[in-house]
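Content type PDB, C-alpha atoms, from the file structure_24.pdb:
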```
MODEL        1
ATOM      1  CA  MET A 209     -13.879  -4.146  -0.619  1.00  0.00           C
ATOM      2  CA  SER A 210     -13.793  -0.438  -1.448  1.00  0.00           C
ATOM      3  CA  HIS A 211     -16.295  -1.075  -4.246  1.00  0.00           C
ATOM      4  CA  MET A 212     -18.518  -2.914  -1.792  1.00  0.00           C
ATOM      5  CA  ASN A 213     -18.323  -0.074   0.744  1.00  0.00           C
ATOM      6  CA  LYS A 214     -19.247   2.445  -1.956  1.00  0.00           C
ATOM      7  CA  ALA A 215     -22.221   0.270  -2.927  1.00  0.00           C
ATOM      8  CA  ILE A 216     -23.412   0.051   0.691  1.00  0.00           C
ATOM      9  CA  ASP A 217     -23.068   3.800   1.088  1.00  0.00           C
ATOM     10  CA  LYS A 218     -25.089   4.349  -2.085  1.00  0.00           C
ATOM     11  CA  VAL A 219     -27.842   1.992  -0.869  1.00  0.00           C
ATOM     12  CA  ARG A 220     -27.853   3.764   2.534  1.00  0.00           C
ATOM     13  CA  ALA A 221     -28.039   7.257   1.035  1.00  0.00           C
ATOM     14  CA  THR A 222     -30.832   6.278  -1.365  1.00  0.00           C
ATOM     15  CA  GLU A 223     -32.798   4.563   1.389  1.00  0.00           C
ATOM     16  CA  ALA A 224     -32.361   7.518   3.755  1.00  0.00           C
ATOM     17  CA  LYS A 225     -33.772   9.873   1.081  1.00  0.00           C
ATOM     18  CA  THR A 226     -36.672   7.491   0.426  1.00  0.00           C
ATOM     19  CA  LEU A 227     -37.526   7.254   4.141  1.00  0.00           C
ATOM     20  CA  LYS A 228     -37.366  11.032   4.468  1.00  0.00           C
ATOM     21  CA  ALA A 229     -39.634  11.490   1.434  1.00  0.00           C
ATOM     22  CA  GLN A 230     -42.146   9.066   2.958  1.00  0.00           C
ATOM     23  CA  GLY A 231     -42.128  11.101   6.178  1.00  0.00           C
ATOM     24  CA  LYS A 232     -40.714   8.263   8.272  1.00  0.00           C
ATOM     25  CA  GLU A 233     -38.277   8.595  11.150  1.00  0.00           C
ATOM     26  CA  PRO A 234     -34.684   9.311   9.928  1.00  0.00           C
ATOM     27  CA  ILE A 235     -33.197   6.186  11.493  1.00  0.00           C
ATOM     28  CA  LEU A 236     -30.267   6.026   9.067  1.00  0.00           C
ATOM     29  CA  THR A 237     -28.996   9.475  10.028  1.00  0.00           C
ATOM     30  CA  GLY A 238     -25.483   9.202  11.474  1.00  0.00           C
ATOM     31  CA  SER A 239     -25.158   5.529  10.587  1.00  0.00           C
ATOM     32  CA  ARG A 240     -22.673   5.751   7.714  1.00  0.00           C
ATOM     33  CA  TRP A 241     -19.608   4.527   9.616  1.00  0.00           C
ATOM     34  CA  CYS A 242     -21.614   1.843  11.407  1.00  0.00           C
ATOM     35  CA  PHE A 243     -21.978   0.109   8.053  1.00  0.00           C
ATOM     36  CA  LEU A 244     -18.601   0.952   6.529  1.00  0.00           C
ATOM     37  CA  LYS A 245     -16.217   0.175   9.408  1.00  0.00           C
ATOM     38  CA  ARG A 246     -15.153  -3.343  10.260  1.00  0.00           C
ATOM     39  CA  PRO A 247     -16.916  -4.484  13.451  1.00  0.00           C
ATOM     40  CA  GLU A 248     -13.639  -4.726  15.367  1.00  0.00           C
ATOM     41  CA  ASN A 249     -12.820  -1.073  14.543  1.00  0.00           C
ATOM     42  CA  GLN A 250     -16.152   0.416  15.614  1.00  0.00           C
ATOM     43  CA  THR A 251     -16.635   2.571  18.665  1.00  0.00           C
ATOM     44  CA  GLU A 252     -19.024   1.396  21.353  1.00  0.00           C
ATOM     45  CA  LYS A 253     -21.615   3.935  20.210  1.00  0.00           C
ATOM     46  CA  GLN A 254     -21.368   2.713  16.604  1.00  0.00           C
ATOM     47  CA  THR A 255     -21.721  -0.908  17.715  1.00  0.00           C
ATOM     48  CA  VAL A 256     -24.904  -0.103  19.670  1.00  0.00           C
ATOM     49  CA  LYS A 257     -26.375   1.856  16.739  1.00  0.00           C
ATOM     50  CA  LEU A 258     -25.533  -0.987  14.341  1.00  0.00           C
ATOM     51  CA  GLN A 259     -27.225  -3.543  16.626  1.00  0.00           C
ATOM     52  CA  GLU A 260     -30.369  -1.389  16.667  1.00  0.00           C
ATOM     53  CA  LEU A 261     -30.342  -1.060  12.869  1.00  0.00           C
ATOM     54  CA  LEU A 262     -29.764  -4.789  12.314  1.00  0.00           C
ATOM     55  CA  ALA A 263     -33.085  -5.474  14.055  1.00  0.00           C
ATOM     56  CA  ILE A 264     -34.916  -3.463  11.362  1.00  0.00           C
ATOM     57  CA  ASN A 265     -35.575  -4.838   7.875  1.00  0.00           C
ATOM     58  CA  LEU A 266     -33.794  -2.250   5.736  1.00  0.00           C
ATOM     59  CA  LYS A 267     -32.154  -2.521   2.331  1.00  0.00           C
ATOM     60  CA  THR A 268     -28.994  -1.057   3.860  1.00  0.00           C
ATOM     61  CA  VAL A 269     -28.917  -3.838   6.450  1.00  0.00           C
ATOM     62  CA  ARG A 270     -29.250  -6.458   3.696  1.00  0.00           C
ATOM     63  CA  ALA A 271     -26.355  -4.836   1.808  1.00  0.00           C
ATOM     64  CA  TYR A 272     -24.262  -4.758   5.000  1.00  0.00           C
ATOM     65  CA  LEU A 273     -24.970  -8.436   5.701  1.00  0.00           C
ATOM     66  CA  LEU A 274     -23.892  -9.346   2.164  1.00  0.00           C
ATOM     67  CA  LYS A 275     -20.636  -7.432   2.692  1.00  0.00           C
ATOM     68  CA  GLU A 276     -19.944  -9.124   6.019  1.00  0.00           C
ATOM     69  CA  ASP A 277     -20.764 -12.522   4.549  1.00  0.00           C
ATOM     70  CA  PHE A 278     -18.278 -11.904   1.732  1.00  0.00           C
ATOM     71  CA  GLN A 279     -15.489 -11.605   4.322  1.00  0.00           C
ATOM     72  CA  ARG A 280     -15.607 -15.413   4.612  1.00  0.00           C
ATOM     73  CA  PHE A 281     -14.154 -15.565   1.069  1.00  0.00           C
ATOM     74  CA  TRP A 282     -10.712 -14.595   2.375  1.00  0.00           C
ATOM     75  CA  ASN A 283     -10.693 -17.422   4.956  1.00  0.00           C
ATOM     76  CA  TYR A 284     -10.789 -20.274   2.446  1.00  0.00           C
ATOM     77  CA  LYS A 285      -7.627 -22.319   2.009  1.00  0.00           C
ATOM     78  CA  SER A 286      -8.264 -23.657  -1.502  1.00  0.00           C
ATOM     79  CA  ALA A 287      -9.220 -21.868  -4.688  1.00  0.00           C
ATOM     80  CA  GLY A 288     -11.891 -24.504  -5.427  1.00  0.00           C
ATOM     81  CA  TRP A 289     -13.896 -23.861  -2.269  1.00  0.00           C
ATOM     82  CA  ALA A 290     -13.420 -20.121  -2.615  1.00  0.00           C
ATOM     83  CA  ASP A 291     -14.742 -20.315  -6.183  1.00  0.00           C
ATOM     84  CA  LYS A 292     -17.820 -22.223  -5.011  1.00  0.00           C
ATOM     85  CA  PHE A 293     -18.449 -19.626  -2.304  1.00  0.00           C
ATOM     86  CA  LEU A 294     -17.938 -16.750  -4.772  1.00  0.00           C
ATOM     87  CA  LYS A 295     -20.453 -18.215  -7.230  1.00  0.00           C
ATOM     88  CA  GLU A 296     -23.067 -18.714  -4.488  1.00  0.00           C
ATOM     89  CA  TRP A 297     -22.457 -15.250  -3.022  1.00  0.00           C
ATOM     90  CA  CYS A 298     -22.798 -13.592  -6.439  1.00  0.00           C
ATOM     91  CA  THR A 299     -26.020 -15.517  -7.142  1.00  0.00           C
ATOM     92  CA  ARG A 300     -27.524 -14.407  -3.795  1.00  0.00           C
ATOM     93  CA  THR A 301     -26.414 -10.836  -4.401  1.00  0.00           C
ATOM     94  CA  MET A 302     -27.903 -10.752  -7.897  1.00  0.00           C
ATOM     95  CA  ARG A 303     -31.237 -11.851  -6.384  1.00  0.00           C
ATOM     96  CA  SER A 304     -31.055  -9.201  -3.644  1.00  0.00           C
ATOM     97  CA  ARG A 305     -32.636  -6.436  -5.777  1.00  0.00           C
ATOM     98  CA  LEU A 306     -29.960  -4.026  -4.533  1.00  0.00           C
ATOM     99  CA  GLY A 307     -28.637  -2.298  -7.656  1.00  0.00           C
ATOM    100  CA  PRO A 308     -25.248  -1.130  -6.339  1.00  0.00           C
ATOM    101  CA  MET A 309     -24.531  -4.530  -4.769  1.00  0.00           C
ATOM    102  CA  LYS A 310     -25.503  -6.281  -8.011  1.00  0.00           C
ATOM    103  CA  LYS A 311     -22.964  -4.086  -9.795  1.00  0.00           C
ATOM    104  CA  VAL A 312     -20.265  -5.297  -7.367  1.00  0.00           C
ATOM    105  CA  ALA A 313     -21.324  -8.922  -7.941  1.00  0.00           C
ATOM    106  CA  ARG A 314     -21.023  -8.455 -11.721  1.00  0.00           C
ATOM    107  CA  MET A 315     -17.563  -6.937 -11.236  1.00  0.00           C
ATOM    108  CA  LEU A 316     -16.476  -9.857  -9.020  1.00  0.00           C
ATOM    109  CA  ARG A 317     -17.760 -12.339 -11.586  1.00  0.00           C
ATOM    110  CA  ALA A 318     -15.816 -10.543 -14.324  1.00  0.00           C
ATOM    111  CA  HIS A 319     -12.617 -10.695 -12.230  1.00  0.00           C
ATOM    112  CA  ARG A 320     -13.223 -14.174 -10.807  1.00  0.00           C
ATOM    113  CA  SER A 321     -10.014 -15.707 -12.160  1.00  0.00           C
ATOM    114  CA  LEU A 322      -7.926 -12.829 -10.803  1.00  0.00           C
ATOM    115  CA  LEU A 323      -9.530 -13.157  -7.369  1.00  0.00           C
ATOM    116  CA  LEU A 324      -8.835 -16.878  -7.325  1.00  0.00           C
ATOM    117  CA  ASN A 325      -5.189 -16.213  -8.228  1.00  0.00           C
ATOM    118  CA  TRP A 326      -4.889 -14.763  -4.727  1.00  0.00           C
ATOM    119  CA  PHE A 327      -5.283 -18.295  -3.340  1.00  0.00           C
ATOM    120  CA  LYS A 328      -2.814 -19.784  -5.810  1.00  0.00           C
ATOM    121  CA  ALA A 329      -0.136 -17.150  -5.129  1.00  0.00           C
ATOM    122  CA  LYS A 330      -0.689 -17.035  -1.368  1.00  0.00           C
ATOM    123  CA  LYS A 331       2.615 -16.736   0.488  1.00  0.00           C
ATOM    124  CA  GLU A 332       4.574 -16.888  -2.780  1.00  0.00           C
ATOM    125  CA  ILE A 333       4.482 -13.227  -3.768  1.00  0.00           C
ATOM    126  CA  ALA A 334       5.304 -10.493  -1.313  1.00  0.00           C
ATOM    127  CA  LEU A 335       2.805  -7.656  -1.605  1.00  0.00           C
ATOM    128  CA  GLY A 336       5.600  -5.158  -1.037  1.00  0.00           C
ATOM    129  CA  ALA A 337       7.246  -6.283  -4.275  1.00  0.00           C
ATOM    130  CA  VAL A 338       3.969  -5.896  -6.162  1.00  0.00           C
ATOM    131  CA  GLU A 339       3.434  -2.408  -4.705  1.00  0.00           C
ATOM    132  CA  GLY A 340       6.979  -1.437  -5.666  1.00  0.00           C
ATOM    133  CA  PHE A 341       6.417  -2.722  -9.188  1.00  0.00           C
ATOM    134  CA  ASN A 342       3.165  -0.729  -9.485  1.00  0.00           C
ATOM    135  CA  ASN A 343       4.852   2.406  -8.157  1.00  0.00           C
ATOM    136  CA  LYS A 344       7.673   2.065 -10.704  1.00  0.00           C
ATOM    137  CA  ALA A 345       5.092   1.733 -13.492  1.00  0.00           C
ATOM    138  CA  LYS A 346       3.240   4.859 -12.290  1.00  0.00           C
ATOM    139  CA  VAL A 347       6.449   6.909 -12.174  1.00  0.00           C
ATOM    140  CA  THR A 348       7.427   5.768 -15.665  1.00  0.00           C
ATOM    141  CA  THR A 349       4.036   6.648 -17.157  1.00  0.00           C
ATOM    142  CA  LYS A 350       4.207  10.057 -15.430  1.00  0.00           C
ATOM    143  CA  LYS A 351       7.604  10.658 -17.047  1.00  0.00           C
ATOM    144  CA  ALA A 352       6.149   9.576 -20.401  1.00  0.00           C
ATOM    145  CA  TYR A 353       3.415  12.241 -20.197  1.00  0.00           C
ATOM    146  CA  GLY A 354       4.606  14.186 -23.245  1.00  0.00           C
ATOM    147  CA  PHE A 355       4.999  11.177 -25.512  1.00  0.00           C
ATOM    148  CA  LYS A 356       2.797  11.148 -28.578  1.00  0.00           C
ATOM    149  CA  SER A 357       1.836   7.489 -28.809  1.00  0.00           C
ATOM    150  CA  PHE A 358       1.081   4.531 -26.582  1.00  0.00           C
ATOM    151  CA  GLU A 359       3.853   2.540 -28.276  1.00  0.00           C
ATOM    152  CA  VAL A 360       6.499   4.921 -26.900  1.00  0.00           C
ATOM    153  CA  ILE A 361       5.069   4.602 -23.382  1.00  0.00           C
ATOM    154  CA  LYS A 362       5.081   0.812 -23.806  1.00  0.00           C
ATOM    155  CA  VAL A 363       8.784   0.879 -24.749  1.00  0.00           C
ATOM    156  CA  ALA A 364       9.530   3.124 -21.740  1.00  0.00           C
ATOM    157  CA  LEU A 365       7.707   0.666 -19.444  1.00  0.00           C
ATOM    158  CA  CYS A 366       9.580  -2.285 -20.944  1.00  0.00           C
ATOM    159  CA  HIS A 367      12.905  -0.570 -20.359  1.00  0.00           C
ATOM    160  CA  THR A 368      12.083   0.453 -16.797  1.00  0.00           C
ATOM    161  CA  LEU A 369      10.197  -2.580 -15.559  1.00  0.00           C
ATOM    162  CA  GLY A 370      11.962  -5.203 -17.608  1.00  0.00           C
ATOM    163  CA  ASN A 371      15.358  -3.725 -16.769  1.00  0.00           C
ATOM    164  CA  LEU A 372      16.281  -3.910 -20.461  1.00  0.00           C
ATOM    165  CA  PRO A 373      19.624  -2.468 -21.498  1.00  0.00           C
ATOM    166  CA  GLU A 374      19.453   1.090 -22.750  1.00  0.00           C
ATOM    167  CA  PRO A 375      21.296   1.995 -25.934  1.00  0.00           C
ATOM    168  CA  LYS A 376      24.519   3.993 -25.463  1.00  0.00           C
ATOM    169  CA  SER A 377      23.230   6.652 -27.800  1.00  0.00           C
ATOM    170  CA  THR A 378      19.683   7.396 -28.806  1.00  0.00           C
ATOM    171  CA  HIS A 379      20.575   9.496 -31.842  1.00  0.00           C
ATOM    172  CA  ARG A 380      23.104   9.337 -34.641  1.00  0.00           C
ATOM    173  CA  PHE A 381      24.368  12.659 -35.801  1.00  0.00           C
ATOM    174  CA  CYS A 382      25.617  13.132 -39.325  1.00  0.00           C
ATOM    175  CA  GLY A 383      29.029  14.700 -39.304  1.00  0.00           C
TER
ENDMDL
END
```

Please, can you express the file's structure as structure tokens?
Amino acid sequence: MSHMNKAIDKVRATEAKTLKAQGKEPILTGSRWCFLKRPENQTEKQTVKLQELLAINLKTVRAYLLKEDFQRFWNYKSAGWADKFLKEWCTRTMRSRLGPMKKVARMLRAHRSLLLNWFKAKKEIALGAVEGFNNKAKVTTKKAYGFKSFEVIKVALCHTLGNLPEPKSTHRFCG
């Protein structure tokens, strides 16, 4: 979703510059958070501004509607129906002629199997455990900063994340 929000913001900024260059009214000024916030988190003023903007045929509005439509993806119960929705959404987005949104659609297509894993693993993997695992990996790679090769970092990750036994001594000294 962060990629989608960045794409919408890029479309909005480009369109605002285009409107300004054409000498039209700066209607997109102050509308950034109207498009980026979830509707339930918007202030009353932002909601009113968004309603006014939705009545106008703007590229930014089309990008916003694609983003809001994508939210339905997370409501599916089965991976099959979610996959069907994802394919249709990506096809519509690729036809939208909105460059940044097309980039997001290509990214989603490339990661389709990973997105669909979310439905298969639903309620089986606690996200806290995944976050902890990722944090442990980050700390280990930070510690491995001075290592000369990727292979050494890989071994360090295997030992930390795989909880492999560490040797009693790393060096043998000749006596």

Please measure the separation of CA of Leu294 (chain A) and CA of Lys275 (chain A), giving the value in Å to one decimal.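 Taking CA of Leu294 (chain A) as the start and CA of Lys275 (chain A) as the end point, the length is 12.2 Å.
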
Proximity check region 278-316 of chain A to region 249-271 of chain A, 12 Å, nearest pairs one decimal Å, all atoms listed in the file, as a tab-separated table:
```
residue	atom	partner	partner_atom	distance
A:Phe278	CA	A:Ala271	CA	10.7
A:Arg300	CA	A:Arg270	CA	11.1
A:Thr301	CA	A:Ala271	CA	8.6
A:Met302	CA	A:Ala271	CA	11.5
A:Arg303	CA	A:Arg270	CA	11.6
A:Ser304	CA	A:Arg270	CA	8.0
A:Arg305	CA	A:Lys267	CA	9.0
A:Leu306	CA	A:Ala271	CA	7.3
A:Gly307	CA	A:Ala271	CA	10.1
A:Pro308	CA	A:Ala271	CA	9.0
A:Met309	CA	A:Ala271	CA	6.8
A:Lys310	CA	A:Ala271	CA	10.0
A:Val312	CA	A:Ala271	CA	11.0
A:Ala313	CA	A:Ala271	CA	11.7
```

Those same residues, written as a short mmCIF file (atom, residue, chain, number, x, y, z; two decimals), in the coordinates of the input with C-alpha atoms?
```cif
data_model
loop_
_atom_site.label_atom_id
_atom_site.label_comp_id
_atom_site.auth_asym_id
_atom_site.auth_seq_id
_atom_site.Cartn_x
_atom_site.Cartn_y
_atom_site.Cartn_z
CA PHE A 278 -18.28 -11.90 1.73
CA ARG A 300 -27.52 -14.41 -3.80
CA THR A 301 -26.41 -10.84 -4.40
CA MET A 302 -27.90 -10.75 -7.90
CA ARG A 303 -31.24 -11.85 -6.38
CA SER A 304 -31.06 -9.20 -3.64
CA ARG A 305 -32.64 -6.44 -5.78
CA LEU A 306 -29.96 -4.03 -4.53
CA GLY A 307 -28.64 -2.30 -7.66
CA PRO A 308 -25.25 -1.13 -6.34
CA MET A 309 -24.53 -4.53 -4.77
CA LYS A 310 -25.50 -6.28 -8.01
CA VAL A 312 -20.26 -5.30 -7.37
CA ALA A 313 -21.32 -8.92 -7.94
#
```

What does the distance between CA of Trp289 (chain A) and CA of Ala329 (chain A) come to in Å, to one decimal place?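 A separation of 15.6 Å between them.
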
Which value, in Å to one decimal, gives the distance between CA of Ala287 (chain A) and CA of Phe327 (chain A)?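 These two atoms are separated by 5.5 Å.
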
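Distance check against Ala221 (chain A) using only C-alpha atoms: of A:Gln279, A:Ser321, A:Ser239, A:Thr349, the minimum falls on A:Ser239.
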
Residues picked by the PyMOL selection byres ((chain A and resi 290) around 12) here, as an mmCIF file with C-alpha atoms, in the frame of the given file?
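Here's the written file out-v3.cif:
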```
data_model
loop_
_atom_site.group_PDB
_atom_site.id
_atom_site.type_symbol
_atom_site.label_atom_id
_atom_site.label_comp_id
_atom_site.auth_asym_id
_atom_site.auth_seq_id
_atom_site.Cartn_x
_atom_site.Cartn_y
_atom_site.Cartn_z
ATOM 1 C CA PHE A 278 -18.278 -11.904 1.732
ATOM 2 C CA GLN A 279 -15.489 -11.605 4.322
ATOM 3 C CA ARG A 280 -15.607 -15.413 4.612
ATOM 4 C CA PHE A 281 -14.154 -15.565 1.069
ATOM 5 C CA TRP A 282 -10.712 -14.595 2.375
ATOM 6 C CA ASN A 283 -10.693 -17.422 4.956
ATOM 7 C CA TYR A 284 -10.789 -20.274 2.446
ATOM 8 C CA LYS A 285 -7.627 -22.319 2.009
ATOM 9 C CA SER A 286 -8.264 -23.657 -1.502
ATOM 10 C CA ALA A 287 -9.220 -21.868 -4.688
ATOM 11 C CA GLY A 288 -11.891 -24.504 -5.427
ATOM 12 C CA TRP A 289 -13.896 -23.861 -2.269
ATOM 13 C CA ASP A 291 -14.742 -20.315 -6.183
ATOM 14 C CA LYS A 292 -17.820 -22.223 -5.011
ATOM 15 C CA PHE A 293 -18.449 -19.626 -2.304
ATOM 16 C CA LEU A 294 -17.938 -16.750 -4.772
ATOM 17 C CA LYS A 295 -20.453 -18.215 -7.230
ATOM 18 C CA GLU A 296 -23.067 -18.714 -4.488
ATOM 19 C CA TRP A 297 -22.457 -15.250 -3.022
ATOM 20 C CA ARG A 320 -13.223 -14.174 -10.807
ATOM 21 C CA SER A 321 -10.014 -15.707 -12.160
ATOM 22 C CA LEU A 323 -9.530 -13.157 -7.369
ATOM 23 C CA LEU A 324 -8.835 -16.878 -7.325
ATOM 24 C CA ASN A 325 -5.189 -16.213 -8.228
ATOM 25 C CA TRP A 326 -4.889 -14.763 -4.727
ATOM 26 C CA PHE A 327 -5.283 -18.295 -3.340
ATOM 27 C CA LYS A 328 -2.814 -19.784 -5.810
#
```
